[in-house]
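Visitor: Below you'll find the structure I mean.
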Amino acid sequence: MRVSVSWLREYLDLPADLPAADLEQALVDLGIEVESIVDLRSTVTGALVVGEVLDIEELTGFKKPIRFCRVDVGAANGTGEPQEIVCGARNFAPGDRVVVILPGGVLPGGFAIGARKTYGRNSHGMICSAKELGLGDDHSGIIVLPEDTPAKPGDDARPVVGLDDVVVEVEITPDRGYALSVRGIARELAHALGVPFRDPGLAPAPGATAEPAYPVEVRDTVGCDRFAARMVRGIDPTAQTPGWMRQRLTVAGVRSISLPVDITNYVMLELGQPMHAFDAARITGPLVVRRAAAGEKVTTLDGVARTLTAEDMVICDDTGPVSLAAVMGGETSEVVASTTDVLFEAAHWDPVMVGRTARRHKLFSEAAKRWERGVDPALPLVAIERAVGLLTAHAGGTAGAEILDLDHVRPRTPVTLPVDLPGRRVGVAYSPERVVSLLEQVGCHVTRGVDRLGEDPGTAGVPAGGADVLTVVPPSWRPDLTDPADLVEEVVRLDGYDRVPSVLPTAPPGRGLTWQQRRRRAVARSLAERGYVEVLAHPFVAGSLADLLGLPADDPRRAAVRVANPLSEEEPLLRTTLLGPLLGILKRNLGRGHRDLALYEIGAVFHPRPGVGAPPAMGVDRRPTDAEFAAADAVVPDQPRHVAVVLNGDVEPAGWWGAGRPAGWADAVEAGRAVLAAADLPADRVEVRAAEHAPWHPGRCAELLVDGVVVGHAGELHPAVLAALELPRRTSAMELDLDALPAAPVAPAPTISGFPPALIDVALVVDERVPAAQVQQALVEGAGELLEGVRLFDVYASEQLGAGRRSLAYKLTFRAPDRTLTVEEAVAARDAAVARAAERFGATLRGA
């Protein structure tokens, strides 16, 4: 919201020499975010003067209308002669007074003005629009000063258009809707600066009369608990909005439309009460305030025909809806150029209803913005009195003596506050008198007493036998004050956040990271060192993901937790596998031109607990009991932490050094091995074997086992899955359950031998169905303690070996800790290893 300091001064006594920095700090200390504070006097430099248009020559032969004007600027140009200016705007005529910036001046944004030849004429200066002066967004025409403006040609135009003011722009948080008005900001500044505040919301206003201003029926007093109206008849339809009002609206970013409409916007900015002006002659029959019928239509002021739902509220006459209540008026009853009888309406609407209606129709009007944040229900009559007074003062007419006020507003519920609660919660010693004084500054009605039962609805631990408590009735303009915590926040805010001590807690003694945290860091570091890039995906997925991944009907990963209030209705479920979101990120990067990708993520998946029912309802008035915590925890889904990788493109790029190597299923399997190695699990406890598991290719899928338990899968994804997800062929992936891995055993310190190793290669011919890992395990068992390392370095198959046979070549490293091995010892260990493989799998030495 933007507001001028001169407007604020009408309701509080700001010091005349108050620096902008102090004004900003005062607002920030109150928790109000300041976007900017601009001294408008500094935004335009040079001669900015009032000019009177003497004559206009229309230039032809150009693509757009161009006018050559002679403008009287008095003695401001040093000669007293009329200033010649070329202008493209058409909303002014000879005799109008305009705003002119002379050569040498600079407009906002550093736009320098000079004398130049354009469109075949010499132009000396510029006739300015509101946008060019930084006063608003209206660039449809230049500023034409009202006829009652006292300034004469050559006078400084800054005071005339409001460029002698200071403009404050603030961002109001959703809980402080009362500050979306001059009244609210002025009240806040009065608290911060300790200056008197004159509340315009307390201005006298006549109450309801026996005869209503217009027949109105409110059928839903929950959606609309107050509706007030008053008629003004016989106004001058040609009356213009006064310059001072138009100027304030422009500064606030509101476009001037017509006098009655401008008055409703002005009162909304001033008091915070949105209003609406009906053309009484265009209303047929009595008004009815009700919920809309599903499918009912109304055309709003923006010209859009909107289809309504049963939750929307409308104002109707005999013809149907004439206004989308609290959001935007309708075309059929709007004030037009011929309007002479105006019906002002000021009501109080349900914030929840307004917020949902605005979002449903994507219609975020200034009125809706205030309603959904909360508006003072005591304002309707005051706002109507203010609007009626402004209209009759500037457009004549007669204010009707009849006043309608249908008031169903419920009184505020008192809040019980232990007087020492602010101090106990914040750590600052607030005296009871200070607490009462600050709450009364807010506008609360406070009474002090003793709770004899020792009951404290806002906290626990109050000693029995009596507690000093305050009974607080919040003011009507603070709908956000509903419980003791809100009142504590107000005490702290007004007393000053800077008084709250900043004390860092002492770190408790401990062992640092847990072994699970260390394991996750080790896994992440290991994958990053291998060239994988970590990504963080949203845990939300679509219901169709299980079908896209080809999961069987009985796959437990199909059972997913549905989010009660999802960010997107297209993705309402929590993921049961990391692969869906991770493959989505892969697809997005491929679409943006990346070709060689290796991505990984470590994150939680969510598995529902069947048959646990709904969680217990827990309030905020007390700490939940252990039983309630246990019941709530029983409903929370299991959330094991997984690690997953996806690969596509070249894992080794091609170049002058040779051909590259594309990523394949073996790289995904190796990523799984790397994860298990980083988890400090010995190789003899790890097994890799062929498997069939969606969404992997049945012939290129491996399952990873630890101590015989399957903990993950890796390989090439199924072609049908890749086609459904529109991913390239040969895309590979790995997913492993980190929480399923056992704790790493205590590893003994390695024995380092200073003696040379014996290196022997063996090539064993086995059935092609025998896993290479099992052959390697047999070699390890047979070789005994002298074997230091074994590594598969070649796989070979040919017709010479026989159908269904393949050769597995391993490098064996033998070493003794206390001596140099003899050839006989190394060969004997090798023969024992080969014998064990032959005994278990029928392996034979290749070439033997």
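Each chain in the structure tokens gets a letter, A, B and so on, in the order shown; residues start at 1 in every chain, and ligands are counted from 1 in the order they appear.
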Considering only C-alpha atoms, return as a list in words whatever protein or nucleic-acid residues lie within 10 Å of A:Gly427, sequence-local ones (same chain, fewer than 5 positions apart) excluded.

Guide: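 Residues meeting the cut-off are Leu421, Pro422, Arg499, Val500, Pro501 and Ser502 of chain A.
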
Visitor: Can you tell me, as a PyMOL selection string, what residues are no more than 8 Å from A:Ser476 when counting only C-alpha atoms, ignoring any on the same chain fewer than 5 positions away?

Guide: chain A and resi 376-378+412

Visitor: Report the residues of stretch 493-549 of chain A whose backbone DSSP state falls under strand (DSSP E or B), written as a list in words.

Guide: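 Here are the strand (DSSP E or B) residues of stretch 493-549 of chain A: Val533, Glu534, Phe540 and Val541 of chain A.
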
Visitor: So that I can check the surroundings of stretch 742-752 of chain A, please list as a list of chain:residue names every protein, DNA and RNA residue that reaches within 8 Å of it, counting only C-alpha atoms and ignoring chain neighbours fewer than 6 positions away.

Guide: A:Ala679, A:Asp680, A:Leu681, A:Pro817

Visitor: So that I can check the surroundings of A:Leu287, please list as a PyMOL selection string every protein, DNA and RNA residue that reaches within 9 Å of it, counting only C-alpha atoms and ignoring chain neighbours fewer than 5 positions away.

Guide: chain A and resi 214-218+315-318

Visitor: Mind giving me the straight-line distance from atom CA of A:Arg530 to atom CA of A:Ser732 in Å, one decimal?

Guide: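 Computing it gives 15.7 Å between the two atoms.
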
Visitor: Please determine, counting only C-alpha atoms, which residue among A:Ala393, A:Ala630, A:Ala560, A:Val823 has the shortest atom-to-atom distance to A:Ala542.

Guide: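 Selected residue with least distance to A:Ala542: A:Ala560.
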
Visitor: Counting only C-alpha atoms, what is within 10 Å of A:Arg769, bar same-chain residues fewer than 5 positions away, as JSON, numbers by chain?

Guide: {"A": [690, 804, 805, 806]}

Visitor: Do a neighbour search on stretch 221-224 of chain A at 9 Å with only C-alpha atoms, toss out local chain neighbours closer than 5 positions, and write the hits as a PyMOL selection string.

Guide: chain A and resi 289-291+313+347-354+407-409

Visitor: Could you pull out the residues in stretch 186-218 of chain A that DSSP calls helix (DSSP H, G or I) from the backbone, as a PyMOL selection string?

Guide: chain A and resi 186-193+200-202

Visitor: Skip A:Leu202 itself and residues of its chain fewer than 5 positions away, then list as a PyMOL selection string all residues within 12 Å of it, counting only C-alpha atoms.

Guide: chain A and resi 11+183+197+271+376+378-383+385-386+476-477
